[in-house]
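Trainee: My structure file my_file-v1.csv, CSV, N, CA, C and O atoms, is below:
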```
chain,number,residue,atom,x,y,z
M,1,MET,N,21.5,-4.2,15.5
M,1,MET,CA,21.2,-4.5,16.9
M,1,MET,C,21.9,-5.9,17.1
M,1,MET,O,21.3,-6.9,16.9
M,2,ASN,N,23.1,-5.8,17.6
M,2,ASN,CA,23.8,-7.0,17.9
M,2,ASN,C,23.3,-7.7,19.1
M,2,ASN,O,22.8,-7.1,20.0
M,3,ASN,N,23.4,-9.0,19.1
M,3,ASN,CA,23.0,-9.9,20.2
M,3,ASN,C,21.5,-9.7,20.6
M,3,ASN,O,21.2,-9.7,21.8
M,4,SER,N,20.7,-9.4,19.6
M,4,SER,CA,19.3,-9.2,19.9
M,4,SER,C,18.6,-10.6,19.8
M,4,SER,O,19.0,-11.5,19.2
M,5,GLU,N,17.5,-10.7,20.6
M,5,GLU,CA,16.7,-11.8,20.6
M,5,GLU,C,15.4,-11.5,19.9
M,5,GLU,O,15.0,-10.4,19.8
M,6,ILE,N,14.6,-12.5,19.4
M,6,ILE,CA,13.3,-12.3,18.8
M,6,ILE,C,12.3,-12.9,19.7
M,6,ILE,O,12.4,-14.0,20.2
M,7,GLN,N,11.3,-12.1,20.1
M,7,GLN,CA,10.2,-12.6,20.9
M,7,GLN,C,8.9,-12.4,20.1
M,7,GLN,O,8.9,-11.6,19.2
M,8,ILE,N,7.9,-13.1,20.4
M,8,ILE,CA,6.6,-13.1,19.7
M,8,ILE,C,5.6,-12.4,20.6
M,8,ILE,O,5.4,-12.8,21.8
M,9,PHE,N,4.8,-11.5,20.1
M,9,PHE,CA,3.7,-10.9,20.8
M,9,PHE,C,2.4,-11.2,20.0
M,9,PHE,O,2.4,-11.1,18.8
M,10,LYS,N,1.4,-11.6,20.8
M,10,LYS,CA,0.1,-11.9,20.2
M,10,LYS,C,-0.9,-11.0,20.9
M,10,LYS,O,-0.9,-10.9,22.1
M,11,ALA,N,-1.7,-10.4,20.1
M,11,ALA,CA,-2.8,-9.6,20.7
M,11,ALA,C,-3.8,-10.5,21.4
M,11,ALA,O,-3.8,-11.7,21.2
M,12,GLN,N,-4.6,-9.9,22.3
M,12,GLN,CA,-5.5,-10.6,23.1
M,12,GLN,C,-6.5,-11.5,22.2
M,12,GLN,O,-6.8,-12.6,22.6
M,13,ASP,N,-6.8,-10.9,21.0
M,13,ASP,CA,-7.7,-11.7,20.1
M,13,ASP,C,-7.0,-12.7,19.3
M,13,ASP,O,-7.5,-13.4,18.5
M,14,GLY,N,-5.6,-12.8,19.4
M,14,GLY,CA,-4.8,-13.8,18.7
M,14,GLY,C,-4.5,-13.5,17.3
M,14,GLY,O,-3.9,-14.3,16.6
M,15,THR,N,-4.9,-12.3,16.8
M,15,THR,CA,-4.8,-12.0,15.4
M,15,THR,C,-3.4,-11.4,15.0
M,15,THR,O,-3.1,-11.5,13.8
M,16,THR,N,-2.7,-10.8,15.9
M,16,THR,CA,-1.5,-10.1,15.5
M,16,THR,C,-0.3,-10.8,16.1
M,16,THR,O,-0.3,-11.1,17.3
M,17,GLU,N,0.7,-11.0,15.3
M,17,GLU,CA,2.0,-11.5,15.8
M,17,GLU,C,3.0,-10.6,15.4
M,17,GLU,O,3.1,-10.2,14.2
M,18,ILE,N,3.9,-10.1,16.3
M,18,ILE,CA,4.9,-9.1,16.0
M,18,ILE,C,6.2,-9.6,16.5
M,18,ILE,O,6.3,-10.1,17.7
M,19,GLN,N,7.2,-9.6,15.7
M,19,GLN,CA,8.6,-9.9,16.1
M,19,GLN,C,9.1,-8.7,16.8
M,19,GLN,O,9.1,-7.6,16.2
M,20,VAL,N,9.6,-8.9,18.0
M,20,VAL,CA,10.1,-7.7,18.8
M,20,VAL,C,11.6,-7.9,19.0
M,20,VAL,O,12.1,-9.0,19.4
M,21,LYS,N,12.3,-6.9,18.7
M,21,LYS,CA,13.8,-6.9,18.9
M,21,LYS,C,14.1,-6.5,20.3
M,21,LYS,O,13.6,-5.5,20.8
M,22,LEU,N,14.9,-7.3,21.0
M,22,LEU,CA,15.3,-6.9,22.3
M,22,LEU,C,16.8,-6.7,22.3
M,22,LEU,O,17.6,-7.5,21.8
M,23,GLU,N,17.2,-5.6,22.9
M,23,GLU,CA,18.7,-5.3,23.0
M,23,GLU,C,18.9,-4.6,24.3
M,23,GLU,O,18.3,-3.6,24.6
M,24,ASN,N,19.7,-5.2,25.1
M,24,ASN,CA,20.0,-4.7,26.5
M,24,ASN,C,18.7,-4.4,27.2
M,24,ASN,O,18.5,-3.4,27.8
M,25,ASP,N,17.8,-5.4,27.2
M,25,ASP,CA,16.5,-5.4,27.9
M,25,ASP,C,15.6,-4.3,27.4
M,25,ASP,O,14.8,-3.8,28.1
M,26,MET,N,15.8,-3.8,26.2
M,26,MET,CA,14.9,-2.8,25.6
M,26,MET,C,14.2,-3.3,24.4
M,26,MET,O,14.8,-4.0,23.6
M,27,VAL,N,12.9,-3.0,24.3
M,27,VAL,CA,12.1,-3.4,23.1
M,27,VAL,C,12.3,-2.4,22.0
M,27,VAL,O,12.3,-1.2,22.3
M,28,TRP,N,12.4,-2.9,20.8
M,28,TRP,CA,12.5,-2.0,19.6
M,28,TRP,C,11.6,-2.5,18.5
M,28,TRP,O,11.5,-3.6,18.2
M,29,LEU,N,10.8,-1.5,17.9
M,29,LEU,CA,9.9,-1.8,16.8
M,29,LEU,C,10.2,-0.8,15.7
M,29,LEU,O,10.5,0.3,16.0
M,30,ASN,N,10.0,-1.3,14.5
M,30,ASN,CA,10.1,-0.4,13.3
M,30,ASN,C,8.7,0.2,13.0
M,30,ASN,O,7.7,-0.2,13.6
M,31,LEU,N,8.7,1.1,12.1
M,31,LEU,CA,7.4,1.8,11.8
M,31,LEU,C,6.3,0.8,11.3
M,31,LEU,O,5.2,0.9,11.7
M,32,MET,N,6.7,-0.2,10.5
M,32,MET,CA,5.7,-1.2,10.0
M,32,MET,C,5.2,-2.0,11.2
M,32,MET,O,4.0,-2.3,11.2
M,33,GLN,N,6.0,-2.4,12.1
M,33,GLN,CA,5.6,-3.1,13.3
M,33,GLN,C,4.6,-2.3,14.2
M,33,GLN,O,3.7,-2.8,14.7
M,34,LEU,N,4.9,-1.0,14.3
M,34,LEU,CA,4.0,-0.1,15.0
M,34,LEU,C,2.7,0.0,14.4
M,34,LEU,O,1.6,0.0,15.0
M,35,THR,N,2.7,0.1,13.0
M,35,THR,CA,1.4,0.1,12.3
M,35,THR,C,0.6,-1.1,12.6
M,35,THR,O,-0.7,-1.1,12.7
M,36,GLU,N,1.2,-2.2,12.6
M,36,GLU,CA,0.5,-3.5,12.9
M,36,GLU,C,0.0,-3.6,14.3
M,36,GLU,O,-1.1,-4.0,14.6
M,37,LEU,N,0.9,-3.2,15.2
M,37,LEU,CA,0.5,-3.2,16.6
M,37,LEU,C,-0.7,-2.4,16.9
M,37,LEU,O,-1.6,-2.8,17.6
M,38,PHE,N,-0.8,-1.1,16.4
M,38,PHE,CA,-1.9,-0.2,16.7
M,38,PHE,C,-3.0,-0.2,15.6
M,38,PHE,O,-4.0,0.5,15.8
M,39,LYS,N,-2.8,-1.0,14.5
M,39,LYS,CA,-3.8,-1.1,13.5
M,39,LYS,C,-4.2,0.3,12.9
M,39,LYS,O,-5.3,0.6,12.8
M,40,ARG,N,-3.1,1.1,12.6
M,40,ARG,CA,-3.3,2.4,12.1
M,40,ARG,C,-2.4,2.6,10.9
M,40,ARG,O,-1.3,1.9,10.8
M,41,ASP,N,-2.7,3.5,10.0
M,41,ASP,CA,-2.0,3.7,8.8
M,41,ASP,C,-0.6,4.3,9.2
M,41,ASP,O,-0.4,4.9,10.2
M,42,LYS,N,0.4,4.0,8.3
M,42,LYS,CA,1.8,4.4,8.5
M,42,LYS,C,1.9,5.9,8.7
M,42,LYS,O,2.6,6.4,9.5
M,43,SER,N,1.1,6.7,8.0
M,43,SER,CA,1.1,8.2,8.1
M,43,SER,C,0.6,8.6,9.4
M,43,SER,O,1.1,9.6,10.0
M,44,VAL,N,-0.3,7.9,10.0
M,44,VAL,CA,-0.8,8.3,11.4
M,44,VAL,C,0.2,8.1,12.4
M,44,VAL,O,0.5,8.9,13.3
M,45,ILE,N,0.9,6.9,12.4
M,45,ILE,CA,1.9,6.6,13.3
M,45,ILE,C,3.1,7.6,13.1
M,45,ILE,O,3.6,8.1,14.1
M,46,SER,N,3.5,7.8,11.9
M,46,SER,CA,4.6,8.8,11.6
M,46,SER,C,4.3,10.1,12.2
M,46,SER,O,5.2,10.8,12.8
M,47,ARG,N,3.0,10.6,12.0
M,47,ARG,CA,2.6,11.9,12.5
M,47,ARG,C,2.7,12.0,14.0
M,47,ARG,O,3.2,12.9,14.6
M,48,HIS,N,2.3,10.9,14.7
M,48,HIS,CA,2.4,10.8,16.2
M,48,HIS,C,3.8,10.9,16.6
M,48,HIS,O,4.2,11.6,17.6
M,49,ILE,N,4.7,10.1,16.0
M,49,ILE,CA,6.1,10.1,16.3
M,49,ILE,C,6.7,11.5,16.1
M,49,ILE,O,7.5,12.0,17.0
M,50,SER,N,6.4,12.1,15.0
M,50,SER,CA,7.0,13.4,14.7
M,50,SER,C,6.5,14.4,15.8
M,50,SER,O,7.3,15.2,16.2
M,51,ASN,N,5.3,14.4,16.2
M,51,ASN,CA,4.8,15.3,17.2
M,51,ASN,C,5.4,15.0,18.6
M,51,ASN,O,5.7,16.0,19.3
M,52,ILE,N,5.7,13.8,18.9
M,52,ILE,CA,6.4,13.4,20.1
M,52,ILE,C,7.7,14.1,20.2
M,52,ILE,O,8.1,14.7,21.2
M,53,PHE,N,8.4,14.2,19.1
M,53,PHE,CA,9.7,14.8,19.0
M,53,PHE,C,9.6,16.3,19.0
M,53,PHE,O,10.3,17.1,19.7
M,54,LYS,N,8.6,16.9,18.2
M,54,LYS,CA,8.4,18.3,18.1
M,54,LYS,C,8.0,18.9,19.4
M,54,LYS,O,8.4,20.0,19.8
M,55,GLU,N,7.2,18.2,20.2
M,55,GLU,CA,6.7,18.7,21.5
M,55,GLU,C,7.7,18.5,22.6
M,55,GLU,O,7.5,18.9,23.7
M,56,GLY,N,8.8,17.8,22.3
M,56,GLY,CA,9.9,17.7,23.3
M,56,GLY,C,9.6,16.6,24.3
M,56,GLY,O,10.2,16.5,25.4
M,57,GLU,N,8.6,15.7,24.0
M,57,GLU,CA,8.3,14.6,25.0
M,57,GLU,C,9.4,13.7,25.1
M,57,GLU,O,9.8,13.2,26.1
M,58,LEU,N,10.1,13.4,23.9
M,58,LEU,CA,11.3,12.5,23.9
M,58,LEU,C,12.3,13.2,22.9
M,58,LEU,O,11.9,13.9,22.1
M,59,THR,N,13.5,12.8,23.1
M,59,THR,CA,14.6,13.3,22.3
M,59,THR,C,14.9,12.2,21.3
M,59,THR,O,15.3,11.1,21.7
M,60,GLU,N,14.8,12.5,20.0
M,60,GLU,CA,14.9,11.5,18.9
M,60,GLU,C,16.2,10.7,19.0
M,60,GLU,O,16.1,9.5,18.9
M,61,ASN,N,17.3,11.3,19.2
M,61,ASN,CA,18.6,10.5,19.1
M,61,ASN,C,18.8,9.6,20.3
M,61,ASN,O,19.7,8.8,20.3
M,62,SER,N,18.0,9.7,21.3
M,62,SER,CA,18.1,8.8,22.5
M,62,SER,C,17.1,7.6,22.4
M,62,SER,O,17.2,6.7,23.2
M,63,VAL,N,16.1,7.7,21.5
M,63,VAL,CA,15.1,6.6,21.4
M,63,VAL,C,14.9,6.0,20.0
M,63,VAL,O,14.1,5.1,19.9
M,64,VAL,N,15.8,6.4,19.1
M,64,VAL,CA,15.7,5.9,17.7
M,64,VAL,C,17.1,5.3,17.4
M,64,VAL,O,18.1,5.9,17.6
M,65,ALA,N,17.0,4.0,16.8
M,65,ALA,CA,18.2,3.4,16.3
M,65,ALA,C,18.0,3.1,14.8
M,65,ALA,O,16.9,2.7,14.4
M,66,LYS,N,19.0,3.4,14.1
M,66,LYS,CA,19.0,3.1,12.6
M,66,LYS,C,19.8,1.9,12.3
M,66,LYS,O,21.0,1.9,12.7
M,67,ASN,N,19.2,0.9,11.7
M,67,ASN,CA,20.0,-0.3,11.4
M,67,ASN,C,19.8,-0.7,9.9
M,67,ASN,O,18.7,-0.6,9.4
M,68,ALA,N,20.9,-1.2,9.3
M,68,ALA,CA,20.8,-1.7,8.0
M,68,ALA,C,20.1,-3.0,7.9
M,68,ALA,O,20.4,-3.9,8.7
M,69,THR,N,19.2,-3.2,7.0
M,69,THR,CA,18.4,-4.4,6.8
M,69,THR,C,18.4,-4.8,5.3
M,69,THR,O,18.2,-3.9,4.5
M,70,THR,N,18.7,-6.0,5.1
M,70,THR,CA,18.6,-6.5,3.7
M,70,THR,C,17.2,-7.0,3.4
M,70,THR,O,16.7,-7.9,4.0
M,71,ALA,N,16.6,-6.4,2.3
M,71,ALA,CA,15.3,-6.8,1.9
M,71,ALA,C,15.3,-8.0,1.0
M,71,ALA,O,16.4,-8.4,0.6
M,72,SER,N,14.1,-8.4,0.7
M,72,SER,CA,14.0,-9.6,-0.2
M,72,SER,C,14.5,-9.4,-1.6
M,72,SER,O,14.9,-10.3,-2.3
M,73,ASP,N,14.6,-8.1,-2.0
M,73,ASP,CA,15.2,-7.7,-3.3
M,73,ASP,C,16.7,-7.7,-3.3
M,73,ASP,O,17.4,-7.4,-4.3
M,74,GLY,N,17.3,-8.0,-2.1
M,74,GLY,CA,18.8,-8.1,-2.0
M,74,GLY,C,19.4,-6.7,-1.7
M,74,GLY,O,20.6,-6.7,-1.5
M,75,LYS,N,18.6,-5.7,-1.7
M,75,LYS,CA,19.2,-4.3,-1.4
M,75,LYS,C,19.2,-4.1,0.1
M,75,LYS,O,18.4,-4.7,0.8
M,76,THR,N,20.1,-3.3,0.5
M,76,THR,CA,20.2,-2.9,1.9
M,76,THR,C,19.6,-1.6,2.2
M,76,THR,O,19.9,-0.6,1.5
M,77,TYR,N,18.7,-1.5,3.2
M,77,TYR,CA,18.0,-0.3,3.5
M,77,TYR,C,18.3,0.0,5.0
M,77,TYR,O,18.5,-0.8,5.8
M,78,LEU,N,18.3,1.3,5.3
M,78,LEU,CA,18.4,1.8,6.6
M,78,LEU,C,17.0,1.9,7.2
M,78,LEU,O,16.2,2.6,6.7
M,79,VAL,N,16.8,1.2,8.3
M,79,VAL,CA,15.5,1.1,8.9
M,79,VAL,C,15.6,1.7,10.3
M,79,VAL,O,16.5,1.4,11.1
M,80,GLU,N,14.6,2.6,10.6
M,80,GLU,CA,14.6,3.2,12.0
M,80,GLU,C,13.8,2.2,12.9
M,80,GLU,O,12.7,1.7,12.6
M,81,TYR,N,14.4,2.0,14.1
M,81,TYR,CA,13.7,1.3,15.1
M,81,TYR,C,13.5,2.2,16.3
M,81,TYR,O,14.3,3.0,16.7
M,82,PHE,N,12.3,2.1,16.9
M,82,PHE,CA,11.9,3.0,18.0
M,82,PHE,C,11.8,2.2,19.3
M,82,PHE,O,11.2,1.1,19.3
M,83,ASN,N,12.4,2.7,20.4
M,83,ASN,CA,12.4,2.0,21.6
M,83,ASN,C,11.1,2.0,22.4
M,83,ASN,O,10.1,2.7,21.9
M,84,LEU,N,11.0,1.4,23.5
M,84,LEU,CA,9.8,1.2,24.3
M,84,LEU,C,9.2,2.6,24.7
M,84,LEU,O,8.0,2.8,24.7
M,85,ASP,N,10.0,3.6,24.9
M,85,ASP,CA,9.5,4.9,25.3
M,85,ASP,C,8.6,5.5,24.2
M,85,ASP,O,7.6,6.0,24.4
M,86,VAL,N,9.1,5.3,22.9
M,86,VAL,CA,8.3,5.8,21.8
M,86,VAL,C,7.0,5.0,21.6
M,86,VAL,O,5.9,5.5,21.4
M,87,ILE,N,7.1,3.7,21.8
M,87,ILE,CA,6.0,2.8,21.6
M,87,ILE,C,4.9,3.2,22.6
M,87,ILE,O,3.7,3.3,22.3
M,88,ILE,N,5.3,3.4,23.9
M,88,ILE,CA,4.3,3.8,24.9
M,88,ILE,C,3.7,5.2,24.6
M,88,ILE,O,2.5,5.4,24.7
M,89,SER,N,4.6,6.1,24.2
M,89,SER,CA,4.1,7.5,23.9
M,89,SER,C,3.1,7.4,22.7
M,89,SER,O,2.0,8.1,22.8
M,90,VAL,N,3.4,6.6,21.7
M,90,VAL,CA,2.4,6.5,20.6
M,90,VAL,C,1.1,5.8,21.1
M,90,VAL,O,0.0,6.2,20.7
M,91,GLY,N,1.3,4.8,21.9
M,91,GLY,CA,0.1,4.1,22.4
M,91,GLY,C,-0.8,5.0,23.2
M,91,GLY,O,-2.0,4.8,23.1
M,92,TYR,N,-0.3,6.0,23.8
M,92,TYR,CA,-1.2,6.9,24.6
M,92,TYR,C,-1.8,8.0,23.7
M,92,TYR,O,-2.7,8.7,24.1
M,93,ARG,N,-1.4,8.1,22.4
M,93,ARG,CA,-1.9,9.0,21.5
M,93,ARG,C,-2.9,8.4,20.5
M,93,ARG,O,-3.7,9.1,19.9
M,94,ILE,N,-2.9,7.1,20.4
M,94,ILE,CA,-3.8,6.4,19.5
M,94,ILE,C,-5.2,6.3,20.1
M,94,ILE,O,-5.4,5.8,21.2
M,95,LYS,N,-6.1,6.8,19.3
M,95,LYS,CA,-7.5,6.7,19.7
M,95,LYS,C,-8.2,5.6,18.9
M,95,LYS,O,-8.7,5.8,17.8
M,96,SER,N,-8.2,4.4,19.5
M,96,SER,CA,-8.8,3.3,18.8
M,96,SER,C,-9.0,2.2,19.8
M,96,SER,O,-8.4,2.2,20.9
M,97,GLN,N,-9.7,1.1,19.5
M,97,GLN,CA,-9.8,0.0,20.3
M,97,GLN,C,-8.5,-0.7,20.6
M,97,GLN,O,-8.2,-1.0,21.8
M,98,ARG,N,-7.6,-0.7,19.6
M,98,ARG,CA,-6.3,-1.3,19.8
M,98,ARG,C,-5.5,-0.5,20.7
M,98,ARG,O,-4.7,-1.0,21.6
M,99,GLY,N,-5.6,0.8,20.6
M,99,GLY,CA,-4.9,1.7,21.5
M,99,GLY,C,-5.3,1.5,22.9
M,99,GLY,O,-4.5,1.5,23.9
M,100,THR,N,-6.6,1.4,23.1
M,100,THR,CA,-7.2,1.1,24.5
M,100,THR,C,-6.7,-0.2,25.0
M,100,THR,O,-6.3,-0.3,26.2
M,101,GLN,N,-6.7,-1.2,24.2
M,101,GLN,CA,-6.2,-2.5,24.6
M,101,GLN,C,-4.7,-2.4,25.0
M,101,GLN,O,-4.3,-3.0,26.0
M,102,PHE,N,-3.9,-1.7,24.3
M,102,PHE,CA,-2.5,-1.5,24.6
M,102,PHE,C,-2.3,-0.8,25.9
M,102,PHE,O,-1.5,-1.3,26.8
M,103,ARG,N,-3.1,0.2,26.2
M,103,ARG,CA,-3.0,0.9,27.4
M,103,ARG,C,-3.4,0.1,28.6
M,103,ARG,O,-2.8,0.2,29.7
M,104,ILE,N,-4.4,-0.7,28.4
M,104,ILE,CA,-4.8,-1.6,29.5
M,104,ILE,C,-3.7,-2.6,29.8
M,104,ILE,O,-3.4,-2.9,30.9
```
What would the structure in this file look like if it were written as structure tokens?
Mentor:
Amino acid sequence: MNNSEIQIFKAQDGTTEIQVKLENDMVWLNLMQLTELFKRDKSVISRHISNIFKEGELTENSVVAKNATTASDGKTYLVEYFNLDVIISVGYRIKSQRGTQFRI
């Protein structure tokens, strides 16, 4: 994600801080950031994303970007980032207090 900026998001209770990638005025989060945002297990978020694509709500190749990221171990990994359309779709599927806060 070239020319991206980093922004900070804090939940209303002040407990969560998430670095958000912005590119061409679009927000992008990876799976781990989504799990933190919605306070749900990685498998729950992955299942919601998978269902969003299976049900045809969104087209995967138009809302997912894969970027190489170097981890602390020095290895390079391909990480999927999901745009705001996916974030909103997941937010409407999450049944939790955090999901409700997000929708509000």
Trainee: Just the number, please: distance in Å from atom C of Ser89 of chain M to atom C of Phe38 of chain M, one decimal.
Mentor: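 So the two atoms, atom C of Ser89 of chain M and atom C of Phe38 of chain M, lie 12.1 Å apart.
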Trainee: Which residue, M:Met32, M:Leu37, M:Met26, M:Ala68, has the smallest gap to Gly91 of chain M when you use only C-alpha atoms?
Mentor: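 Counting only C-alpha atoms, the residue closest to Gly91 of chain M is M:Leu37.
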Trainee: Please provide the set of residues having any atom within 12 Å of Ile104 of chain M, restricted to only C-alpha atoms, with same-chain residues fewer than 5 positions apart removed, written as a list in words.
Mentor: Gln12, Ile88, Gly91, Tyr92, Gln97, Arg98 and Gly99 of chain M
Trainee: Using all atoms listed in the file, which of M:Lys75, M:Thr100, M:Val64, M:Asp41 sits nearest Leu29 of chain M?
Mentor: M:Val64
Trainee: How far is it from atom CA of Thr59 of chain M to atom CA of Leu84 of chain M, in Å with one decimal?
Mentor: 13.2 Å
Trainee: Pick out the closest residue to Ile45 of chain M from this set: M:Trp28, M:Val86, M:Tyr77, M:Glu60. Count only C-alpha atoms.
Mentor: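 Checking each candidate against Ile45 of chain M, we get M:Val86 as the closest.
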Trainee: Can you work out the spacing between atom O of Ser72 of chain M and atom O of Asn30 of chain M in Å, to one decimal?
Mentor: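 Going from atom O of Ser72 of chain M over to atom O of Asn30 of chain M covers 20.2 Å.
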Trainee: Of the residues M:Asn24, M:Ser62, M:Gln33, M:Val44, which is the one nearest to Arg93 of chain M, using only N, CA, C and O atoms?
Mentor: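 Under the stated criterion, the closest residue is M:Val44.
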Trainee: Could you give me, as a PyMOL selection string, each residue of segment 45-101 of chain M that DSSP assigns to strand (DSSP E) when run on this structure's backbone?
Mentor: chain M and resi 64-70+76-83
Trainee: Can you tell me, as a ChimeraX atom specification, which residues sit within 8 Å of (13.6, 0.9, 7.8) in the file's frame, using only C-alpha atoms?
Mentor: /M:30-31,66-69,77-81
